[in-house]
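Asker: As input, take data37.pdb (PDB, C-alpha atoms):
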```
ATOM      1  CA  MET W 105     190.063 123.391  49.949
ATOM      2  CA  PRO W 106     191.412 120.406  51.932
ATOM      3  CA  ASP W 107     188.999 118.375  54.012
ATOM      4  CA  LEU W 108     188.887 119.748  57.551
ATOM      5  CA  ARG W 109     188.850 116.302  59.151
ATOM      6  CA  ASP W 110     192.093 115.422  57.330
ATOM      7  CA  ILE W 111     193.693 118.610  58.624
ATOM      8  CA  LEU W 112     192.736 117.734  62.191
ATOM      9  CA  ARG W 113     194.126 114.214  61.853
ATOM     10  CA  ARG W 114     197.448 115.637  60.606
ATOM     11  CA  GLY W 115     197.658 117.888  63.645
ATOM     12  CA  ALA W 116     197.373 121.178  61.759
ATOM     13  CA  ARG W 117     195.690 124.246  63.183
ATOM     14  CA  PRO W 118     192.505 124.667  61.154
ATOM     15  CA  LEU W 119     191.302 127.692  63.092
ATOM     16  CA  THR W 120     194.265 129.721  61.820
ATOM     17  CA  ALA W 121     194.396 128.169  58.352
ATOM     18  CA  LEU W 122     190.707 128.294  57.499
ATOM     19  CA  PRO W 123     187.929 130.802  57.953
ATOM     20  CA  VAL W 124     185.672 130.239  60.925
ATOM     21  CA  LEU W 125     182.793 128.119  59.665
ATOM     22  CA  ALA W 126     180.382 128.640  62.546
ATOM     23  CA  ALA W 127     180.107 131.138  65.348
ATOM     24  CA  THR W 128     178.716 130.568  68.800
ATOM     25  CA  ALA W 129     175.406 132.312  69.322
ATOM     26  CA  ILE W 130     175.099 134.756  72.183
ATOM     27  CA  ALA W 131     171.841 135.046  74.052
ATOM     28  CA  ALA W 132     171.848 138.683  75.105
ATOM     29  CA  LEU W 133     169.494 138.706  78.062
ATOM     30  CA  ALA W 134     167.354 141.661  78.922
ATOM     31  CA  GLN W 135     167.939 143.312  82.276
ATOM     32  CA  GLY W 136     166.219 141.248  84.988
ATOM     33  CA  ALA W 137     165.245 138.332  82.730
ATOM     34  CA  VAL W 138     162.972 135.853  84.506
ATOM     35  CA  VAL W 139     161.943 132.240  83.971
ATOM     36  CA  GLU W 140     158.837 131.116  85.800
ATOM     37  CA  GLY W 141     156.302 128.364  85.549
ATOM     38  CA  GLN W 142     154.804 125.297  87.158
ATOM     39  CA  VAL W 143     155.355 121.540  87.347
ATOM     40  CA  PHE W 144     152.401 119.105  87.215
ATOM     41  CA  ASP W 145     151.980 115.353  87.137
ATOM     42  CA  ASP W 146     149.959 113.502  84.500
ATOM     43  CA  ALA W 147     146.759 114.029  86.494
ATOM     44  CA  GLY W 148     147.292 117.802  86.674
ATOM     45  CA  ARG W 149     148.377 117.839  90.326
ATOM     46  CA  PRO W 150     151.241 120.213  91.264
ATOM     47  CA  VAL W 151     154.559 118.548  92.120
ATOM     48  CA  PRO W 152     156.559 120.255  94.911
ATOM     49  CA  GLY W 153     160.266 119.910  95.649
ATOM     50  CA  VAL W 154     161.465 119.552  92.047
ATOM     51  CA  VAL W 155     164.644 121.360  90.968
ATOM     52  CA  VAL W 156     164.254 123.438  87.791
ATOM     53  CA  GLN W 157     167.435 124.816  86.195
ATOM     54  CA  VAL W 158     168.254 127.238  83.423
ATOM     55  CA  VAL W 159     171.258 125.907  81.517
ATOM     56  CA  ALA W 160     173.357 127.539  78.793
ATOM     57  CA  GLN W 161     174.552 125.009  76.220
ATOM     58  CA  GLN W 162     177.447 126.142  74.071
ATOM     59  CA  ALA W 163     178.314 124.028  71.037
ATOM     60  CA  GLY W 164     181.709 125.276  69.879
ATOM     61  CA  PHE W 165     183.327 124.736  66.495
ATOM     62  CA  LEU W 166     185.372 121.663  67.447
ATOM     63  CA  GLN W 167     182.469 120.127  69.352
ATOM     64  CA  ARG W 168     180.231 120.330  66.295
ATOM     65  CA  LEU W 169     183.005 118.849  64.182
ATOM     66  CA  THR W 170     183.682 115.891  66.490
ATOM     67  CA  GLY W 171     180.071 115.277  67.531
ATOM     68  CA  LYS W 172     180.795 115.739  71.232
ATOM     69  CA  PRO W 173     177.921 117.006  73.416
ATOM     70  CA  PRO W 174     177.790 120.764  74.003
ATOM     71  CA  ARG W 175     179.186 122.308  77.160
ATOM     72  CA  ALA W 176     176.408 122.935  79.676
ATOM     73  CA  THR W 177     176.602 125.638  82.345
ATOM     74  CA  GLU W 178     173.917 126.269  84.933
ATOM     75  CA  VAL W 179     172.988 129.944  85.180
ATOM     76  CA  GLY W 180     170.062 129.723  87.605
ATOM     77  CA  ARG W 181     167.843 127.331  89.539
ATOM     78  CA  ALA W 182     164.801 127.130  91.785
ATOM     79  CA  VAL W 183     162.807 124.486  93.669
ATOM     80  CA  THR W 184     159.064 124.171  93.111
ATOM     81  CA  ASP W 185     156.860 125.149  96.056
ATOM     82  CA  ASP W 186     153.777 123.336  97.360
ATOM     83  CA  SER W 187     151.818 124.595  94.341
ATOM     84  CA  GLY W 188     154.486 123.372  91.905
ATOM     85  CA  LEU W 189     155.457 126.978  91.102
ATOM     86  CA  PHE W 190     158.998 128.212  90.459
ATOM     87  CA  ARG W 191     160.675 131.507  89.569
ATOM     88  CA  ILE W 192     164.284 132.023  88.438
ATOM     89  CA  GLU W 193     165.891 135.453  88.055
ATOM     90  CA  LEU W 194     168.863 135.377  85.691
ATOM     91  CA  PRO W 195     172.026 137.492  85.558
ATOM     92  CA  SER W 196     171.990 140.358  83.062
ATOM     93  CA  ALA W 197     175.405 139.462  81.579
ATOM     94  CA  PRO W 198     175.429 137.981  78.043
ATOM     95  CA  LEU W 199     175.362 134.182  78.020
ATOM     96  CA  HIS W 200     176.985 132.119  75.285
ATOM     97  CA  GLY W 201     174.979 129.436  73.540
ATOM     98  CA  ARG W 202     171.321 128.503  73.722
ATOM     99  CA  LEU W 203     169.329 128.525  76.943
ATOM    100  CA  PHE W 204     167.254 125.599  78.160
ATOM    101  CA  ALA W 205     164.972 124.934  81.114
ATOM    102  CA  TRP W 206     165.717 121.547  82.674
ATOM    103  CA  CYS W 207     163.373 119.819  85.106
ATOM    104  CA  GLY W 208     164.565 117.182  87.574
ATOM    105  CA  ALA W 209     168.053 116.839  86.101
ATOM    106  CA  THR W 210     169.586 117.290  89.555
ATOM    107  CA  GLY W 211     168.490 117.156  93.179
ATOM    108  CA  PRO W 212     165.943 114.733  94.671
ATOM    109  CA  TRP W 213     163.932 112.933  92.021
ATOM    110  CA  ASP W 214     161.149 110.353  92.367
ATOM    111  CA  GLY W 215     162.259 108.105  89.531
ATOM    112  CA  LEU W 216     159.818 105.355  90.544
ATOM    113  CA  ARG W 217     156.921 107.750  90.010
ATOM    114  CA  TYR W 218     157.939 110.052  87.152
ATOM    115  CA  GLU W 219     159.869 110.141  83.910
ATOM    116  CA  ARG W 220     162.064 113.200  83.420
ATOM    117  CA  PRO W 221     160.612 115.573  80.808
ATOM    118  CA  ALA W 222     162.660 116.828  77.880
ATOM    119  CA  PRO W 223     164.473 120.180  78.290
ATOM    120  CA  ARG W 224     162.762 123.261  76.818
ATOM    121  CA  ASP W 225     164.584 125.729  74.579
ATOM    122  CA  ILE W 226     163.770 129.183  76.007
ATOM    123  CA  THR W 227     166.431 131.225  74.189
ATOM    124  CA  ARG W 228     164.061 133.294  72.057
ATOM    125  CA  ASP W 229     161.704 134.099  74.937
ATOM    126  CA  LEU W 230     164.554 135.181  77.213
ATOM    127  CA  ARG W 231     165.830 137.658  74.649
ATOM    128  CA  ARG W 232     162.548 139.451  75.335
ATOM    129  CA  GLY W 233     163.167 139.184  79.075
ATOM    130  CA  HIS W 234     160.628 136.558  80.174
ATOM    131  CA  ALA W 235     159.952 132.858  79.653
ATOM    132  CA  SER W 236     156.989 130.865  80.962
ATOM    133  CA  VAL W 237     157.442 127.101  81.151
ATOM    134  CA  VAL W 238     155.014 124.377  82.199
ATOM    135  CA  PHE W 239     156.406 120.898  82.770
ATOM    136  CA  ARG W 240     154.052 117.928  82.864
ATOM    137  CA  LEU W 241     155.739 114.858  84.332
ATOM    138  CA  PRO W 242     154.705 111.601  82.643
ATOM    139  CA  ASP W 243     154.285 108.487  84.767
ATOM    140  CA  ALA W 244     157.285 106.179  84.940
ATOM    141  CA  HIS W 245     157.003 103.085  82.764
ATOM    142  CA  ALA W 246     156.492 100.661  85.682
ATOM    143  CA  TRP W 247     154.479 102.998  87.922
ATOM    144  CA  ALA W 248     151.040 101.481  87.219
ATOM    145  CA  GLU W 249     152.236  97.989  88.179
ATOM    146  CA  LEU W 250     154.094  99.296  91.224
ATOM    147  CA  ARG W 251     151.030 101.200  92.430
ATOM    148  CA  ARG W 252     148.895  98.043  92.175
ATOM    149  CA  GLU W 253     151.495  96.113  94.187
ATOM    150  CA  ILE W 254     151.532  98.815  96.871
ATOM    151  CA  ASP W 255     147.727  98.665  97.127
ATOM    152  CA  ARG W 256     147.811  94.862  97.415
ATOM    153  CA  ALA W 257     150.508  95.177 100.095
ATOM    154  CA  GLY W 258     148.208  97.218 102.340
ATOM    155  CA  GLY W 259     148.880 100.733 101.087
ATOM    156  CA  PRO W 260     151.882 103.076 101.161
ATOM    157  CA  GLU W 261     152.046 103.200 104.988
ATOM    158  CA  SER W 262     152.306  99.426 105.473
ATOM    159  CA  ALA W 263     155.746  97.833 105.826
ATOM    160  CA  ARG W 264     155.510  96.185 102.417
ATOM    161  CA  GLY W 265     154.094  99.335 100.868
ATOM    162  CA  ARG W 266     156.924 101.488 102.236
ATOM    163  CA  ILE W 267     159.518  99.045 100.935
ATOM    164  CA  LEU W 268     157.933  98.969  97.486
ATOM    165  CA  ARG W 269     157.595 102.751  97.347
ATOM    166  CA  HIS W 270     161.252 103.227  98.288
ATOM    167  CA  HIS W 271     162.937 100.436  96.313
ATOM    168  CA  GLY W 272     160.427  99.575  93.599
ATOM    169  CA  LEU W 273     159.456  96.045  92.620
ATOM    170  CA  PRO W 274     161.926  93.480  94.000
ATOM    171  CA  PRO W 275     164.270  92.107  91.320
ATOM    172  CA  GLU W 276     164.027  88.684  92.970
ATOM    173  CA  ARG W 277     161.457  86.993  95.233
ATOM    174  CA  VAL W 278     162.116  83.657  96.922
ATOM    175  CA  VAL W 279     159.593  81.607  98.922
ATOM    176  CA  GLY W 280     161.118  78.942 101.177
ATOM    177  CA  LEU W 281     159.658  75.596 102.223
ATOM    178  CA  ASP W 282     158.742  77.177 105.560
ATOM    179  CA  GLY W 283     156.588  79.750 103.761
ATOM    180  CA  ARG W 284     158.928  82.660 104.471
ATOM    181  CA  GLU W 285     159.174  85.055 101.542
ATOM    182  CA  GLU W 286     162.317  87.009 100.701
ATOM    183  CA  TRP W 287     162.378  90.219  98.707
ATOM    184  CA  ILE W 288     165.923  90.563  97.437
ATOM    185  CA  TYR W 289     167.211  93.990  96.387
ATOM    186  CA  PRO W 290     170.821  95.029  95.697
ATOM    187  CA  GLY W 291     172.431  95.279  99.135
ATOM    188  CA  VAL W 292     169.361  94.521 101.255
ATOM    189  CA  THR W 293     166.902  91.634 101.716
ATOM    190  CA  TYR W 294     163.527  91.728 103.478
ATOM    191  CA  VAL W 295     162.053  88.508 104.893
ATOM    192  CA  PHE W 296     158.322  88.091 105.560
ATOM    193  CA  SER W 297     156.428  85.404 107.438
ATOM    194  CA  GLY W 298     152.653  85.357 107.431
ATOM    195  CA  GLY W 299     152.649  88.800 105.843
ATOM    196  CA  GLU W 300     154.788  90.324 108.627
ATOM    197  CA  LEU W 301     158.324  91.614 108.194
ATOM    198  CA  VAL W 302     160.431  89.352 110.436
ATOM    199  CA  GLU W 303     163.998  89.896 109.245
ATOM    200  CA  THR W 304     166.095  92.463 107.425
ATOM    201  CA  ARG W 305     169.526  91.600 106.075
ATOM    202  CA  GLY W 306     172.001  94.169 104.808
ATOM    203  CA  GLY W 307     171.180  97.799 104.356
ATOM    204  CA  PRO W 308     170.434 100.590 104.297
ATOM    205  CA  ALA W 309     166.856  99.440 104.829
ATOM    206  CA  VAL W 310     163.792 101.654 104.639
ATOM    207  CA  VAL W 311     161.981  99.412 107.169
ATOM    208  CA  ARG W 312     163.410  97.168 109.896
ATOM    209  CA  ALA W 313     161.713  94.163 111.489
ATOM    210  CA  ARG W 314     160.123  94.919 114.855
ATOM    211  CA  ALA W 315     161.996  93.833 117.965
ATOM    212  CA  GLY W 316     161.066  90.248 118.730
ATOM    213  CA  ALA W 317     159.887  89.535 115.204
ATOM    214  CA  GLU W 318     163.249  88.327 113.884
ATOM    215  CA  GLY W 319     163.829  84.626 114.096
ATOM    216  CA  ARG W 320     160.192  83.648 113.668
TER     217      ARG W 320
END
```
Mind turning the file's structure into structure tokens?

Answerer:
Amino acid sequence: MPDLRDILRRGARPLTALPVLAATAIAALAQGAVVEGQVFDDAGRPVPGVVVQVVAQQAGFLQRLTGKPPRATEVGRAVTDDSGLFRIELPSAPLHGRLFAWCGATGPWDGLRYERPAPRDITRDLRRGHASVVFRLPDAHAWAELRREIDRAGGPESARGRILRHHGLPPERVVGLDGREEWIYPGVTYVFSGGELVETRGGPAVVRARAGAEGR
């Protein structure tokens, strides 16, 4: 039998010339299939406002041959409540491919605080009509250092703390001969004098200098 890759390079039609080598699995969902669960942080606290999706990934014959990523189609989603709970009711129609629960792949995401967890394969559970999923969000790599900086800056409600919590650690800090310190982020710069925010250049800025403070 000729090599299938050679046939493709010559522009032949392997699907008509050769037997089908792999078939796409079908996840036949039970009537009223449900995915539910909870999202926690590393300390076991519930995380509200996180988007959880159920995604069907279909790896077709040519995709497996060429190594391209499988096609992904969202079939349901929910947002975690104040207790970190979510519930997704899925359509009863057959879905092609394998089914995964994704956490934080879309919607608002606190990337300074959390790493995104790996998707969970829930295909087998959903064939029985119900899947329970618990996501635990690991701390972001730089979160410990950022949290210490926020504490040293006066806490998350201080001007410096709010800037750090929104932008993260500044990529560049410059202290002038006059003692003014600049925190330089892409598109926006914050200038401090004596610990007070006195100037903001560019934007959008999470905090602006108070009226009368600029120019000090």

Asker: For W:Phe144, work out the shell of residues within 10 Å, counting all atoms listed in the file and skipping chain neighbours fewer than 3 positions away, then give it as an MDAnalysis selection string.

Answerer: chainID W and resid 147:152 187:189 238:242

Asker: Counting only C-alpha atoms, which residues sit no farther than 6 Å from the position (165.5, 90.1, 110.4) in the file's frame? I'd like them as a list in words.

Answerer: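 It turns out the residues near that spot are Val302, Glu303, Thr304, Ala313 and Glu318 of chain W.
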
Asker: Evaluate the PyMOL selection byres ((chain W and resi 161) around 7) on the structure here and hand back the selected residues as JSON, numbers by chain.

Answerer: {"W": [159, 160, 162, 163, 174, 175, 176, 177, 201, 202, 203]}

Asker: Using C-alpha atoms, can you export the residues from the last selection as a PDB file, in the frame of the given file?

Answerer:
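Output file out-v1.pdb is given in full below:
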```
ATOM      1  CA  VAL W 159     171.258 125.907  81.517  1.00  0.00           C
ATOM      2  CA  ALA W 160     173.357 127.539  78.793  1.00  0.00           C
ATOM      3  CA  GLN W 162     177.447 126.142  74.071  1.00  0.00           C
ATOM      4  CA  ALA W 163     178.314 124.028  71.037  1.00  0.00           C
ATOM      5  CA  PRO W 174     177.790 120.764  74.003  1.00  0.00           C
ATOM      6  CA  ARG W 175     179.186 122.308  77.160  1.00  0.00           C
ATOM      7  CA  ALA W 176     176.408 122.935  79.676  1.00  0.00           C
ATOM      8  CA  THR W 177     176.602 125.638  82.345  1.00  0.00           C
ATOM      9  CA  GLY W 201     174.979 129.436  73.540  1.00  0.00           C
ATOM     10  CA  ARG W 202     171.321 128.503  73.722  1.00  0.00           C
ATOM     11  CA  LEU W 203     169.329 128.525  76.943  1.00  0.00           C
TER      12      LEU W 203
END
```

Asker: Got a sec: who's within 7 Å of W:Arg305, counting only C-alpha atoms, leaving out chain neighbours fewer than 2 positions off, as a PDB file with C-alpha atoms, keeping the file's coordinate frame?

Answerer:
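As a result, result_0.pdb now contains:
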```
ATOM      1  CA  VAL W 292     169.361  94.521 101.255  1.00  0.00           C
ATOM      2  CA  THR W 293     166.902  91.634 101.716  1.00  0.00           C
ATOM      3  CA  TYR W 294     163.527  91.728 103.478  1.00  0.00           C
ATOM      4  CA  GLU W 303     163.998  89.896 109.245  1.00  0.00           C
ATOM      5  CA  GLY W 307     171.180  97.799 104.356  1.00  0.00           C
TER       6      GLY W 307
END
```

Asker: Return the single residue from W:Glu276, W:Glu261, W:Glu219, W:Glu285 that is closest to W:Ala246, with distances computed using only C-alpha atoms.

Answerer: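 Nearest to W:Ala246: W:Glu219.
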
Asker: List the neighbours of W:Pro260 out to 8 Å using all atoms listed in the file; skip same-chain residues closer than 6 positions along the sequence, and give me the result as a list in words.

Answerer: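 The residues that qualify are Ile254, Arg266 and Arg269 of chain W.
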
Asker: For W:Phe204, which of W:Val139, W:Leu216, W:Val154, W:Leu250 is the closest residue, counting all atoms listed in the file?

Answerer: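 Closest to W:Phe204 of all the choices is W:Val139.
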
Asker: List as a list in words the protein and nucleic acid residues near W:Ser236, meaning an atom at most 12 Å away when only C-alpha atoms are counted, but skip any in the same chain fewer than 2 places from it.

Answerer: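 Non-adjacent residues within range: Ala137, Val138, Val139, Glu140, Gly141, Gln142, Val143, Leu189, Phe190, Arg191, Ile192, Phe204, Ala205, Arg224, Asp225, Ile226, Thr227, Arg228, Asp229, Leu230, Arg232, Gly233, His234, Val238 and Phe239 of chain W.
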
Asker: Which residue gives the smallest distance to W:Glu193 among W:Arg181, W:Val278, W:Phe296, W:Gly208, with all atoms listed in the file counted?

Answerer: W:Arg181

Asker: Regenerate stretch 174-186 of chain W at the level of N, CA and C atoms and dump it as a PDB file, keeping the file's coordinate frame.

Answerer:
```
ATOM      1  N   PRO W 174     177.433 119.377  73.693  1.00  0.00           N
ATOM      2  CA  PRO W 174     177.790 120.764  74.003  1.00  0.00           C
ATOM      3  C   PRO W 174     178.096 120.946  75.485  1.00  0.00           C
ATOM      4  N   ARG W 175     178.906 121.967  75.769  1.00  0.00           N
ATOM      5  CA  ARG W 175     179.186 122.308  77.160  1.00  0.00           C
ATOM      6  C   ARG W 175     177.927 122.902  77.781  1.00  0.00           C
ATOM      7  N   ALA W 176     177.613 122.463  78.990  1.00  0.00           N
ATOM      8  CA  ALA W 176     176.408 122.935  79.676  1.00  0.00           C
ATOM      9  C   ALA W 176     176.814 123.638  80.966  1.00  0.00           C
ATOM     10  N   THR W 177     176.298 124.848  81.158  1.00  0.00           N
ATOM     11  CA  THR W 177     176.602 125.638  82.345  1.00  0.00           C
ATOM     12  C   THR W 177     175.302 126.116  82.974  1.00  0.00           C
ATOM     13  N   GLU W 178     175.113 125.789  84.241  1.00  0.00           N
ATOM     14  CA  GLU W 178     173.917 126.269  84.933  1.00  0.00           C
ATOM     15  C   GLU W 178     174.050 127.756  85.218  1.00  0.00           C
ATOM     16  N   VAL W 179     172.977 128.501  84.926  1.00  0.00           N
ATOM     17  CA  VAL W 179     172.988 129.944  85.180  1.00  0.00           C
ATOM     18  C   VAL W 179     171.897 130.361  86.166  1.00  0.00           C
ATOM     19  N   GLY W 180     171.090 129.414  86.616  1.00  0.00           N
ATOM     20  CA  GLY W 180     170.062 129.723  87.605  1.00  0.00           C
ATOM     21  C   GLY W 180     169.255 128.487  87.928  1.00  0.00           C
ATOM     22  N   ARG W 181     168.676 128.464  89.146  1.00  0.00           N
ATOM     23  CA  ARG W 181     167.843 127.331  89.539  1.00  0.00           C
ATOM     24  C   ARG W 181     166.841 127.754  90.595  1.00  0.00           C
ATOM     25  N   ALA W 182     165.803 126.930  90.741  1.00  0.00           N
ATOM     26  CA  ALA W 182     164.801 127.130  91.785  1.00  0.00           C
ATOM     27  C   ALA W 182     164.202 125.770  92.111  1.00  0.00           C
ATOM     28  N   VAL W 183     163.502 125.699  93.250  1.00  0.00           N
ATOM     29  CA  VAL W 183     162.807 124.486  93.669  1.00  0.00           C
ATOM     30  C   VAL W 183     161.316 124.791  93.713  1.00  0.00           C
ATOM     31  N   THR W 184     160.503 123.919  93.137  1.00  0.00           N
ATOM     32  CA  THR W 184     159.064 124.171  93.111  1.00  0.00           C
ATOM     33  C   THR W 184     158.485 124.170  94.521  1.00  0.00           C
ATOM     34  N   ASP W 185     157.504 125.060  94.746  1.00  0.00           N
ATOM     35  CA  ASP W 185     156.860 125.149  96.056  1.00  0.00           C
ATOM     36  C   ASP W 185     155.695 124.164  96.133  1.00  0.00           C
ATOM     37  N   ASP W 186     154.878 124.284  97.163  1.00  0.00           N
ATOM     38  CA  ASP W 186     153.777 123.336  97.360  1.00  0.00           C
ATOM     39  C   ASP W 186     152.759 123.380  96.226  1.00  0.00           C
TER      40      ASP W 186
END
```
